[in-house]
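Peer 1: So I've got this file, data-v5.cif, and it contains mmCIF, C-alpha atoms:
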```
data_entry
loop_
_atom_site.label_atom_id
_atom_site.label_comp_id
_atom_site.auth_asym_id
_atom_site.auth_seq_id
_atom_site.Cartn_x
_atom_site.Cartn_y
_atom_site.Cartn_z
CA MET A 1 0.00 0.00 0.00
CA LYS A 2 1.18 3.50 -0.76
CA SER A 3 2.06 5.51 2.35
CA GLY A 4 0.26 8.65 3.38
CA TRP A 5 -3.21 7.61 4.48
CA LYS A 6 -3.88 9.27 7.83
CA GLY A 7 -7.11 7.65 9.04
CA GLY A 8 -9.55 9.80 10.95
CA VAL A 9 -12.52 10.07 13.30
CA THR A 10 -16.00 9.55 11.86
CA SER A 11 -19.38 10.23 13.44
CA SER A 12 -21.78 8.71 10.88
CA ALA A 13 -21.98 5.83 8.41
CA GLU A 14 -21.59 8.32 5.58
CA GLU A 15 -18.35 9.65 7.06
CA THR A 16 -17.07 6.08 7.53
CA ILE A 17 -17.83 5.37 3.86
CA ASN A 18 -15.99 8.51 2.82
CA LEU A 19 -12.96 7.56 4.92
CA GLY A 20 -12.97 4.09 3.31
CA LYS A 21 -13.15 5.77 -0.07
CA SER A 22 -10.12 7.90 0.80
CA LEU A 23 -8.18 4.74 1.74
CA SER A 24 -8.88 3.16 -1.65
CA LYS A 25 -6.57 5.69 -3.33
CA PHE A 26 -3.65 4.21 -1.39
CA ILE A 27 -4.44 0.51 -1.89
CA GLU A 28 -2.40 -1.48 -4.40
CA ALA A 29 -3.00 -4.84 -6.07
CA GLY A 30 -2.17 -7.74 -3.77
CA ASP A 31 -2.55 -5.80 -0.51
CA ILE A 32 -3.86 -7.64 2.52
CA ILE A 33 -5.81 -5.36 4.86
CA THR A 34 -7.12 -6.51 8.21
CA LEU A 35 -9.94 -4.69 10.00
CA GLU A 36 -10.14 -5.01 13.76
CA GLY A 37 -13.08 -3.64 15.70
CA ASP A 38 -16.01 -4.69 17.86
CA LEU A 39 -19.38 -5.78 16.52
CA ALA A 40 -21.08 -2.82 14.85
CA ALA A 41 -17.85 -0.83 14.78
CA GLY A 42 -18.47 -0.09 11.11
CA LYS A 43 -16.11 -2.57 9.44
CA THR A 44 -18.44 -3.54 6.60
CA THR A 45 -19.48 0.10 6.16
CA PHE A 46 -15.80 1.00 5.83
CA VAL A 47 -15.40 -1.75 3.18
CA LYS A 48 -18.36 -0.26 1.29
CA GLY A 49 -16.39 2.97 1.14
CA ILE A 50 -13.27 1.20 -0.16
CA LEU A 51 -15.33 -0.46 -2.90
CA ASP A 52 -17.01 2.85 -3.68
CA GLY A 53 -13.51 4.21 -4.23
CA PHE A 54 -12.94 1.36 -6.70
CA ASN A 55 -16.05 2.46 -8.63
CA PHE A 56 -18.07 -0.57 -7.51
CA ASP A 57 -21.69 0.57 -7.66
CA ARG A 58 -23.50 -2.62 -6.66
CA GLN A 59 -24.54 -3.89 -3.24
CA VAL A 60 -21.84 -4.67 -0.67
CA THR A 61 -22.96 -6.94 2.17
CA SER A 62 -21.34 -8.51 5.20
CA PRO A 63 -19.63 -11.85 4.50
CA THR A 64 -20.36 -13.09 8.03
CA PHE A 65 -22.49 -15.94 6.66
CA THR A 66 -20.88 -16.46 3.26
CA LEU A 67 -17.35 -16.20 4.79
CA ILE A 68 -15.99 -14.70 1.55
CA ASN A 69 -17.49 -12.19 -0.88
CA GLU A 70 -15.70 -11.46 -4.15
CA TYR A 71 -16.17 -8.14 -5.93
CA GLU A 72 -15.14 -7.49 -9.52
CA ALA A 73 -14.30 -3.83 -8.93
CA GLN A 74 -11.55 -1.64 -10.42
CA LEU A 75 -9.26 -3.95 -8.47
CA ARG A 76 -10.69 -7.36 -7.62
CA VAL A 77 -11.57 -7.28 -3.92
CA ILE A 78 -11.89 -10.33 -1.67
CA HIS A 79 -13.85 -9.52 1.49
CA MET A 80 -13.55 -12.15 4.23
CA ASP A 81 -15.18 -12.39 7.62
CA CYS A 82 -13.71 -14.87 10.10
CA TYR A 83 -16.21 -14.23 12.90
CA ARG A 84 -18.08 -17.55 12.71
CA GLU A 85 -15.33 -19.86 11.45
CA ASN A 86 -12.35 -20.51 13.69
CA ASP A 87 -11.31 -23.79 12.11
CA LEU A 88 -8.00 -22.89 10.43
CA GLN A 89 -7.98 -26.07 8.37
CA ARG A 90 -11.34 -25.10 6.86
CA TRP A 91 -9.92 -21.76 5.75
CA ILE A 92 -6.97 -23.58 4.21
CA ASN A 93 -9.33 -25.98 2.44
CA LEU A 94 -11.26 -23.01 1.08
CA GLY A 95 -8.09 -21.97 -0.75
CA ILE A 96 -7.13 -18.95 1.36
CA GLN A 97 -3.50 -19.43 0.27
CA ASP A 98 -4.46 -18.81 -3.36
CA TYR A 99 -6.16 -15.59 -2.29
CA PHE A 100 -3.09 -14.47 -0.33
CA PHE A 101 -0.82 -15.33 -3.30
CA SER A 102 -3.02 -13.44 -5.80
CA ASP A 103 -3.05 -9.83 -6.95
CA ASP A 104 -6.54 -9.38 -5.51
CA VAL A 105 -7.04 -6.93 -2.65
CA LYS A 106 -7.87 -8.94 0.47
CA ILE A 107 -9.87 -7.29 3.27
CA ILE A 108 -10.31 -9.42 6.37
CA GLU A 109 -12.74 -8.79 9.22
CA TRP A 110 -12.07 -10.51 12.58
CA PRO A 111 -8.49 -11.33 11.48
CA GLU A 112 -7.45 -12.25 15.02
CA ILE A 113 -9.35 -15.54 14.59
CA ILE A 114 -7.06 -16.69 11.76
CA SER A 115 -3.99 -14.62 12.65
CA ALA A 116 -1.79 -17.71 12.35
CA LEU A 117 -2.59 -17.86 8.62
CA ILE A 118 -2.25 -14.20 7.67
CA PRO A 119 1.05 -13.17 6.04
CA LYS A 120 3.08 -10.83 8.25
CA ASP A 121 3.28 -8.06 5.63
CA HIS A 122 -0.40 -7.09 5.94
CA ILE A 123 -1.84 -3.67 6.73
CA SER A 124 -3.69 -3.63 10.03
CA ILE A 125 -6.51 -1.10 10.47
CA THR A 126 -8.37 -0.61 13.74
CA LEU A 127 -11.90 0.79 14.15
CA LYS A 128 -12.28 1.97 17.72
CA SER A 129 -15.37 3.49 19.36
CA VAL A 130 -14.34 6.74 21.09
CA SER A 131 -17.87 7.84 22.02
CA GLU A 132 -21.44 6.71 21.37
CA PHE A 133 -21.35 7.92 17.76
CA GLU A 134 -17.67 8.40 17.02
CA ARG A 135 -15.20 5.91 15.58
CA LYS A 136 -11.46 6.38 15.35
CA ILE A 137 -10.16 4.54 12.31
CA TYR A 138 -6.41 4.22 11.96
CA ILE A 139 -3.50 2.08 10.83
CA LYS A 140 -2.08 0.21 13.80
CA MET B 1 -3.04 -49.05 -20.87
CA LYS B 2 -4.38 -47.40 -23.98
CA ASN B 3 -7.42 -45.33 -23.12
CA ILE B 4 -6.77 -42.54 -20.66
CA LEU B 5 -8.16 -39.20 -19.67
CA ALA B 6 -5.48 -36.66 -18.64
CA ILE B 7 -6.17 -33.63 -16.45
CA GLU B 8 -4.04 -30.48 -15.99
CA THR B 9 -5.22 -27.78 -13.53
CA ALA B 10 -2.01 -26.68 -11.77
CA THR B 11 -2.11 -23.13 -13.16
CA ASN B 12 -4.73 -20.84 -14.69
CA ILE B 13 -4.96 -23.32 -17.55
CA CYS B 14 -7.78 -25.83 -17.20
CA SER B 15 -7.08 -28.63 -19.65
CA ILE B 16 -8.27 -32.17 -20.28
CA SER B 17 -7.16 -34.60 -22.99
CA LEU B 18 -8.43 -37.94 -24.23
CA PHE B 19 -6.16 -40.69 -25.51
CA LEU B 20 -7.71 -43.76 -27.19
CA ASP B 21 -5.77 -46.83 -28.30
CA GLY B 22 -2.64 -45.11 -27.02
CA SER B 23 -3.04 -42.13 -29.35
CA PHE B 24 -3.91 -38.55 -28.61
CA VAL B 25 -7.47 -37.72 -29.69
CA GLU B 26 -8.44 -34.25 -28.47
CA THR B 27 -7.80 -31.58 -25.85
CA LYS B 28 -10.31 -29.18 -24.37
CA ASP B 29 -8.85 -26.27 -22.49
CA SER B 30 -9.36 -22.75 -21.23
CA ASP B 31 -7.06 -20.15 -19.70
CA GLU B 32 -9.81 -18.21 -17.98
CA PRO B 33 -8.65 -17.71 -14.38
CA ARG B 34 -10.62 -19.33 -11.57
CA SER B 35 -12.89 -21.25 -13.92
CA HIS B 36 -11.64 -24.79 -13.28
CA ALA B 37 -14.53 -25.87 -11.05
CA VAL B 38 -17.06 -24.74 -13.66
CA LYS B 39 -15.28 -25.85 -16.82
CA LEU B 40 -13.51 -29.11 -15.96
CA PRO B 41 -16.62 -31.32 -15.46
CA VAL B 42 -18.24 -29.84 -18.58
CA PHE B 43 -15.09 -30.37 -20.68
CA THR B 44 -14.90 -33.98 -19.43
CA ASP B 45 -18.49 -34.68 -20.37
CA GLU B 46 -18.18 -33.03 -23.78
CA LEU B 47 -14.92 -34.78 -24.60
CA LEU B 48 -16.17 -38.27 -23.71
CA LYS B 49 -19.48 -37.78 -25.53
CA ALA B 50 -17.80 -36.36 -28.64
CA HIS B 51 -15.77 -39.53 -28.98
CA LYS B 52 -18.49 -41.92 -27.78
CA CYS B 53 -16.30 -43.04 -24.91
CA LYS B 54 -17.64 -44.03 -21.49
CA VAL B 55 -15.69 -43.68 -18.27
CA SER B 56 -15.98 -47.47 -17.92
CA GLU B 57 -14.03 -47.85 -21.16
CA LEU B 58 -11.05 -45.90 -19.81
CA ASP B 59 -7.99 -47.74 -18.50
CA ALA B 60 -6.74 -44.97 -16.19
CA ILE B 61 -7.01 -41.31 -15.20
CA ALA B 62 -3.83 -39.22 -15.45
CA ILE B 63 -3.54 -36.14 -13.25
CA SER B 64 -1.05 -33.31 -13.02
CA SER B 65 -0.12 -33.40 -9.33
CA GLY B 66 1.67 -30.05 -8.95
CA PRO B 67 3.24 -27.92 -7.74
CA GLY B 68 0.86 -25.13 -8.61
CA SER B 69 -2.35 -23.46 -7.53
CA TYR B 70 -3.72 -24.97 -4.30
CA THR B 71 -7.33 -24.68 -5.47
CA GLY B 72 -6.59 -25.73 -9.03
CA LEU B 73 -4.78 -28.87 -7.91
CA ARG B 74 -7.61 -29.80 -5.55
CA ILE B 75 -10.25 -29.40 -8.25
CA GLY B 76 -8.31 -31.54 -10.72
CA MET B 77 -7.48 -34.17 -8.11
CA SER B 78 -11.11 -34.31 -6.91
CA LEU B 79 -12.40 -35.03 -10.40
CA ALA B 80 -9.61 -37.53 -11.11
CA LYS B 81 -10.31 -39.45 -7.91
CA GLY B 82 -14.07 -39.31 -8.42
CA LEU B 83 -13.81 -40.78 -11.92
CA ALA B 84 -11.21 -43.35 -10.87
CA LEU B 85 -13.19 -44.47 -7.83
CA SER B 86 -16.40 -44.93 -9.84
CA TYR B 87 -14.86 -47.66 -12.04
CA ASN B 88 -11.91 -48.76 -9.91
CA LEU B 89 -9.46 -47.25 -12.39
CA PRO B 90 -5.81 -46.60 -11.52
CA LEU B 91 -4.62 -43.04 -11.10
CA LEU B 92 -1.47 -41.94 -12.92
CA SER B 93 -0.11 -38.99 -10.95
CA VAL B 94 2.43 -36.91 -12.91
CA LYS B 95 4.61 -34.16 -11.44
CA THR B 96 3.75 -30.96 -13.32
CA LEU B 97 7.31 -29.63 -13.79
CA LEU B 98 8.52 -33.04 -14.96
CA ALA B 99 5.84 -33.13 -17.65
CA MET B 100 6.55 -29.54 -18.73
CA ASP B 101 10.22 -30.47 -19.17
CA MET B 102 9.21 -33.05 -21.80
CA GLU B 103 8.37 -30.14 -24.09
CA ILE B 104 11.86 -28.62 -23.86
CA ASP B 105 14.28 -29.82 -26.47
CA ILE B 106 17.70 -28.67 -25.29
CA GLU B 107 20.65 -30.69 -24.07
CA PHE B 108 22.05 -28.50 -21.33
CA PRO B 109 20.90 -27.58 -17.81
CA HIS B 110 17.82 -25.37 -17.56
CA TRP B 111 15.11 -24.39 -15.12
CA VAL B 112 11.43 -25.21 -15.43
CA CYS B 113 9.33 -22.78 -13.37
CA ILE B 114 5.76 -21.85 -12.52
CA HIS B 115 5.08 -18.52 -10.83
CA SER B 116 3.88 -19.03 -7.26
CA HIS B 117 3.36 -15.56 -5.77
CA LYS B 118 5.17 -12.23 -5.55
CA ASN B 119 8.79 -13.01 -6.56
CA MET B 120 8.50 -16.70 -5.66
CA VAL B 121 8.59 -19.48 -8.21
CA PHE B 122 8.09 -23.22 -8.15
CA ALA B 123 11.31 -24.33 -9.78
CA GLN B 124 13.19 -27.45 -10.75
CA LYS B 125 16.40 -27.78 -12.73
CA PHE B 126 16.69 -30.41 -15.45
CA ASN B 127 19.45 -31.67 -17.72
CA ASN B 128 18.61 -33.97 -20.63
CA HIS B 129 15.15 -34.58 -19.13
CA GLU B 130 16.62 -35.72 -15.82
CA PRO B 131 15.95 -33.66 -12.66
CA VAL B 132 19.11 -32.10 -11.25
CA ASN B 133 17.42 -31.20 -7.95
CA ASP B 134 14.09 -31.56 -6.16
CA ALA B 135 11.27 -29.18 -7.02
CA THR B 136 11.39 -26.18 -4.71
CA CYS B 137 9.69 -22.82 -4.11
CA ILE B 138 12.35 -20.09 -4.15
CA PRO B 139 12.76 -16.37 -4.84
CA VAL B 140 13.31 -15.86 -8.55
CA GLU B 141 16.68 -14.17 -7.88
CA ASN B 142 17.94 -17.50 -6.48
CA LEU B 143 17.77 -19.08 -9.95
CA ASP B 144 21.27 -19.39 -11.41
CA ALA B 145 22.26 -18.34 -14.93
CA ALA B 146 20.78 -21.41 -16.64
CA PRO B 147 17.96 -20.57 -19.09
CA VAL B 148 14.47 -20.48 -17.66
CA PHE B 149 11.39 -22.11 -19.19
CA GLY B 150 7.97 -21.79 -17.66
CA THR B 151 4.68 -20.00 -17.31
CA GLU B 152 3.15 -16.98 -15.55
CA LEU B 153 6.65 -15.56 -14.99
CA GLN B 154 6.02 -12.13 -16.53
CA LYS B 155 5.57 -10.62 -13.06
CA CYS B 156 9.06 -11.69 -12.03
CA ASN B 157 10.88 -9.51 -14.59
CA ILE B 158 13.14 -12.27 -15.87
CA ASP B 159 13.91 -13.52 -19.35
CA PHE B 160 12.17 -16.81 -19.93
CA ASN B 161 10.85 -19.04 -22.67
CA GLU B 162 7.18 -19.81 -22.32
CA ILE B 163 6.18 -23.43 -21.83
CA LEU B 164 2.55 -24.00 -20.92
CA PRO B 165 1.38 -26.93 -18.81
CA SER B 166 -0.81 -29.17 -20.92
CA SER B 167 -3.01 -32.18 -20.30
CA GLN B 168 -1.70 -33.59 -23.57
CA THR B 169 1.81 -33.68 -22.14
CA ILE B 170 0.51 -35.14 -18.89
CA GLY B 171 -1.24 -37.86 -20.89
CA ARG B 172 1.85 -38.65 -22.96
CA PHE B 173 4.07 -38.85 -19.88
CA ALA B 174 1.49 -41.05 -18.13
CA LEU B 175 1.21 -43.43 -21.09
CA ASN B 176 5.00 -43.76 -21.31
CA ASN B 177 5.31 -44.46 -17.59
CA ALA B 178 1.99 -46.15 -16.85
CA ALA B 179 3.37 -49.23 -15.14
CA ALA B 180 5.44 -47.20 -12.69
CA LEU B 181 2.75 -44.61 -12.00
CA ALA B 182 -0.42 -46.74 -11.72
CA GLU B 183 -1.93 -46.46 -8.24
CA LYS B 184 -5.26 -47.81 -7.03
CA ASP B 185 -4.78 -46.92 -3.38
CA TYR B 186 -6.21 -43.46 -3.93
CA GLN B 187 -5.21 -42.21 -0.48
CA LYS B 188 -1.58 -42.44 -1.59
CA VAL B 189 -2.26 -39.95 -4.39
CA SER B 190 -2.50 -36.32 -3.33
CA PRO B 191 -1.65 -32.89 -4.71
CA PHE B 192 2.01 -31.91 -4.49
CA TYR B 193 1.51 -28.49 -2.92
CA LEU B 194 5.20 -27.87 -2.14
CA THR B 195 4.25 -24.76 -0.16
CA GLU B 196 2.29 -26.32 2.66
CA PHE B 197 0.54 -23.64 4.67
CA ASN B 198 2.61 -22.76 7.71
CA ILE B 199 0.37 -22.13 10.69
CA SER B 200 2.39 -19.89 12.99
CA LYS B 201 1.19 -20.12 16.60
#
```
Just dump the structure as structure tokens.

Peer 2:
Amino acid sequence: MKSGWKGGVTSSAEETINLGKSLSKFIEAGDIITLEGDLAAGKTTFVKGILDGFNFDRQVTSPTFTLINEYEAQLRVIHMDCYRENDLQRWINLGIQDYFFSDDVKIIEWPEIISALIPKDHISITLKSVSEFERKIYIK
Amino acid sequence: MKNILAIETATNICSISLFLDGSFVETKDSDEPRSHAVKLPVFTDELLKAHKCKVSELDAIAISSGPGSYTGLRIGMSLAKGLALSYNLPLLSVKTLLAMDMEIDIEFPHWVCIHSHKNMVFAQKFNNHEPVNDATCIPVENLDAAPVFGTELQKCNIDFNEILPSSQTIGRFALNNAAALAEKDYQKVSPFYLTEFNISK
């Protein structure tokens, strides 16, 4: 990923989308981005913003149940959610290595669940609630 | 063994070939990325029907065992085992780089490579169609000055001669080495991943 993205504090879903959109300008093919944050921290909303930045104008939904959503955007984006699957072997069987080896952009929610599988050279982004409506979103 | 179906799915190429009476008949293939799961069963069905051949009339299934794409190898191996199991046919498992080397007609040491990821390549050195070392996954800069043959290496910024994996080559290699390769204990046949996933605790 290109350097220079500063993160920020958002106080609405729209602002979170805009911050995600700003991040997309720095993302490069092959990047692995992890998103850490509590339930309802705005992770999927942030991903919507990233995809908006890649001119993807169709629906973006949480992959909590599908585990992996693939989006044919300006860059191909692989959106994973590890929340409900902690069996590392199942992720391996799904072909996660091929995703990691590819030029696709990988965005991973709940990465701590499969941290043993994630290459060390990933970009780690945290979404932290700082008040009832405010989120601080930054590179760790 | 004269009638075999040969499968190659180690890279973006999804390829299947039919050999009848020991002779090559036809190949169906596609280089559309990530399409193996959709295309391979359809190609198989079309190929067998086009030549009025039933799976029961085959003598063996030949499969490219890798190294290569984790998902591609699993899709090819799944179909190969499924077909073999249904009629108790032997599997003929062929190392992908070894088969690719059959297509190279030079008499001095050279590398056969498949791009893995980033600057990493699956690589094996051959001389006169004999392996000089074991297949390995190494940074491309670790290749010595010997000429490089292979596929998907454009990203590595090296000079290379393109050799594409092909089910036809897999089939030919399998037919020539059928007695040594034939295996009916299917559990002994598995993809040759080379880069097993390292789970770091």

Peer 1: Report as JSON lines the residues of chain A within 6 Å of chain B, each with its shortest atom pair and distance in Å (one decimal), using only C-alpha atoms, ordered by chain and increasing residue number.

Peer 2:
```
{"residue": "A:Gly95", "atom": "CA", "partner": "B:Thr71", "partner_atom": "CA", "distance": 5.5}
{"residue": "A:Phe101", "atom": "CA", "partner": "B:His117", "partner_atom": "CA", "distance": 4.9}
{"residue": "A:Ala116", "atom": "CA", "partner": "B:Ser200", "partner_atom": "CA", "distance": 4.8}
{"residue": "A:Leu117", "atom": "CA", "partner": "B:Ile199", "partner_atom": "CA", "distance": 5.6}
```

Peer 1: Taking the file above as input, evaluate the PyMOL selection byres ((chain B and resi 178) around 10) and report the hits as a PDB file with C-alpha atoms, in the frame of the given file.

Peer 2:
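In the end it all went to result_5.pdb:
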```pdb
ATOM      1  CA  MET B   1      -3.040 -49.050 -20.870  1.00  0.00           C
ATOM      2  CA  LYS B   2      -4.380 -47.400 -23.980  1.00  0.00           C
ATOM      3  CA  ALA B  60      -6.740 -44.970 -16.190  1.00  0.00           C
ATOM      4  CA  ALA B  62      -3.830 -39.220 -15.450  1.00  0.00           C
ATOM      5  CA  PRO B  90      -5.810 -46.600 -11.520  1.00  0.00           C
ATOM      6  CA  LEU B  91      -4.620 -43.040 -11.100  1.00  0.00           C
ATOM      7  CA  LEU B  92      -1.470 -41.940 -12.920  1.00  0.00           C
ATOM      8  CA  SER B  93      -0.110 -38.990 -10.950  1.00  0.00           C
ATOM      9  CA  GLY B 171      -1.240 -37.860 -20.890  1.00  0.00           C
ATOM     10  CA  ARG B 172       1.850 -38.650 -22.960  1.00  0.00           C
ATOM     11  CA  PHE B 173       4.070 -38.850 -19.880  1.00  0.00           C
ATOM     12  CA  ALA B 174       1.490 -41.050 -18.130  1.00  0.00           C
ATOM     13  CA  LEU B 175       1.210 -43.430 -21.090  1.00  0.00           C
ATOM     14  CA  ASN B 176       5.000 -43.760 -21.310  1.00  0.00           C
ATOM     15  CA  ASN B 177       5.310 -44.460 -17.590  1.00  0.00           C
ATOM     16  CA  ALA B 179       3.370 -49.230 -15.140  1.00  0.00           C
ATOM     17  CA  ALA B 180       5.440 -47.200 -12.690  1.00  0.00           C
ATOM     18  CA  LEU B 181       2.750 -44.610 -12.000  1.00  0.00           C
ATOM     19  CA  ALA B 182      -0.420 -46.740 -11.720  1.00  0.00           C
ATOM     20  CA  GLU B 183      -1.930 -46.460  -8.240  1.00  0.00           C
TER      21      GLU B 183
END
```

Peer 1: Give me the residues within 12 Å of Met102 of chain B as a list of chain:residue names, counting all atoms listed in the file and dropping any in the same chain fewer than 3 places off.

Peer 2: B:Val94, B:Lys95, B:Thr96, B:Leu97, B:Leu98, B:Ala99, B:Asp105, B:Ile106, B:Glu107, B:Val112, B:Phe126, B:Asn127, B:Asn128, B:His129, B:Glu130, B:Pro131, B:Phe149, B:Ile163, B:Leu164, B:Pro165, B:Ser166, B:Gln168, B:Thr169, B:Ile170, B:Gly171, B:Arg172, B:Phe173, B:Ala174, B:Asn176

Peer 1: Considering all atoms listed in the file, can you say which of A:Ile27, A:Ile118, A:Ile96, A:Ile68 comes closest to Phe54 of chain A?

Peer 2: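 For Phe54 of chain A, the nearest of the given residues is A:Ile27.
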
Peer 1: Applying the PyMOL selection byres ((chain A and resi 31) around 9) to the file I just gave you, which residues come out? Please list them as a short mmCIF file (atom, residue, chain, number, x, y, z; two decimals) with C-alpha atoms, in the coordinates of the input.

Peer 2:
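The result, stored in selection_3.cif:
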```cif
data_model
loop_
_atom_site.label_atom_id
_atom_site.label_comp_id
_atom_site.auth_asym_id
_atom_site.auth_seq_id
_atom_site.Cartn_x
_atom_site.Cartn_y
_atom_site.Cartn_z
CA MET A 1 0.00 0.00 0.00
CA ILE A 27 -4.44 0.51 -1.89
CA GLU A 28 -2.40 -1.48 -4.40
CA ALA A 29 -3.00 -4.84 -6.07
CA GLY A 30 -2.17 -7.74 -3.77
CA ILE A 32 -3.86 -7.64 2.52
CA ILE A 33 -5.81 -5.36 4.86
CA PHE A 100 -3.09 -14.47 -0.33
CA ASP A 103 -3.05 -9.83 -6.95
CA ASP A 104 -6.54 -9.38 -5.51
CA VAL A 105 -7.04 -6.93 -2.65
CA LYS A 106 -7.87 -8.94 0.47
CA ILE A 107 -9.87 -7.29 3.27
CA ASP A 121 3.28 -8.06 5.63
CA HIS A 122 -0.40 -7.09 5.94
CA ILE A 123 -1.84 -3.67 6.73
#
```

Peer 1: Residues at most 8 Å from Asn55 of chain A, counting all atoms listed in the file, excluding those fewer than 4 positions away in the same chain, as a list in words?

Peer 2: Leu51, Ala73 and Gln74 of chain A

Peer 1: Could you jot down the atom CA of Gln59 of chain A to atom CA of Val77 of chain A separation for me, Å, one decimal place?

Peer 2: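 The value is 13.4 Å.
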
Peer 1: Which residues match the PyMOL selection byres ((chain A and resi 80) around 9) in the file above, as number ranges by chain?

Peer 2: A: 62-64, 66-70, 78-79, 81-82, 106-111

Peer 1: Just the residues within 10 Å of Asn119 of chain B, please, counting only C-alpha atoms, with nothing from its chain fewer than 6 positions along; format it as a list in words.

Peer 2: Ile138, Pro139, Val140, Glu141, Leu153, Lys155, Cys156 and Asn157 of chain B

Peer 1: Please tell me which residues are no farther than 8 Å from (-23.2, 6.8, 14.8) in the file, counting all atoms listed in the file, and write them as an NGL selection string.

Peer 2: :A and (11-13 or 132-134)

Peer 1: Near Ser17 of chain B, within 8 Å and counting only C-alpha atoms, which residues show up once chain neighbours fewer than 4 positions away are dropped, as a short mmCIF file (atom, residue, chain, number, x, y, z; two decimals) with C-alpha atoms, in the coordinates of the input?

Peer 2:
```
data_model
loop_
_atom_site.label_atom_id
_atom_site.label_comp_id
_atom_site.auth_asym_id
_atom_site.auth_seq_id
_atom_site.Cartn_x
_atom_site.Cartn_y
_atom_site.Cartn_z
CA LEU B 5 -8.16 -39.20 -19.67
CA ALA B 6 -5.48 -36.66 -18.64
CA ILE B 7 -6.17 -33.63 -16.45
CA PHE B 24 -3.91 -38.55 -28.61
CA VAL B 25 -7.47 -37.72 -29.69
CA GLU B 26 -8.44 -34.25 -28.47
CA THR B 27 -7.80 -31.58 -25.85
CA LYS B 28 -10.31 -29.18 -24.37
CA LEU B 47 -14.92 -34.78 -24.60
CA SER B 167 -3.01 -32.18 -20.30
CA GLN B 168 -1.70 -33.59 -23.57
CA GLY B 171 -1.24 -37.86 -20.89
#
```

Peer 1: To one decimal place in Å, what is the distance between atom CA of Thr151 of chain B and atom CA of Asn93 of chain A?

Peer 2: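 Going from atom CA of Thr151 of chain B over to atom CA of Asn93 of chain A covers 24.9 Å.
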
Peer 1: Kindly give the distance, in Å, that separates atom CA of Lys21 of chain A and atom CA of Arg84 of chain A, rounded to a single decimal.

Peer 2: 27.0 Å

Peer 1: For segment 53-65 of chain A, supply N, CA and C atoms and report the output as a short mmCIF file (atom, residue, chain, number, x, y, z; two decimals), in the coordinates of the input.

Peer 2:
```
data_model
loop_
_atom_site.label_atom_id
_atom_site.label_comp_id
_atom_site.auth_asym_id
_atom_site.auth_seq_id
_atom_site.Cartn_x
_atom_site.Cartn_y
_atom_site.Cartn_z
N GLY A 53 -14.71 3.59 -3.66
CA GLY A 53 -13.51 4.21 -4.23
C GLY A 53 -12.98 3.46 -5.44
N PHE A 54 -13.33 2.17 -5.53
CA PHE A 54 -12.94 1.36 -6.70
C PHE A 54 -14.05 1.32 -7.74
N ASN A 55 -14.95 2.32 -7.66
CA ASN A 55 -16.05 2.46 -8.63
C ASN A 55 -16.96 1.23 -8.69
N PHE A 56 -17.13 0.56 -7.55
CA PHE A 56 -18.07 -0.57 -7.51
C PHE A 56 -19.42 -0.03 -7.07
N ASP A 57 -20.41 -0.09 -7.95
CA ASP A 57 -21.69 0.57 -7.66
C ASP A 57 -22.80 -0.41 -7.32
N ARG A 58 -22.45 -1.66 -7.04
CA ARG A 58 -23.50 -2.62 -6.66
C ARG A 58 -23.46 -2.85 -5.15
N GLN A 59 -24.38 -3.71 -4.68
CA GLN A 59 -24.54 -3.89 -3.24
C GLN A 59 -23.31 -4.56 -2.60
N VAL A 60 -22.92 -4.06 -1.46
CA VAL A 60 -21.84 -4.67 -0.67
C VAL A 60 -22.44 -5.11 0.66
N THR A 61 -22.34 -6.41 0.94
CA THR A 61 -22.96 -6.94 2.17
C THR A 61 -21.90 -7.61 3.04
N SER A 62 -22.27 -7.86 4.27
CA SER A 62 -21.34 -8.51 5.20
C SER A 62 -21.12 -9.96 4.79
N PRO A 63 -19.88 -10.44 4.79
CA PRO A 63 -19.63 -11.85 4.50
C PRO A 63 -19.68 -12.75 5.74
N THR A 64 -20.34 -12.29 6.80
CA THR A 64 -20.36 -13.09 8.03
C THR A 64 -20.88 -14.50 7.74
N PHE A 65 -21.92 -14.61 6.91
CA PHE A 65 -22.49 -15.94 6.66
C PHE A 65 -21.87 -16.62 5.44
#
```
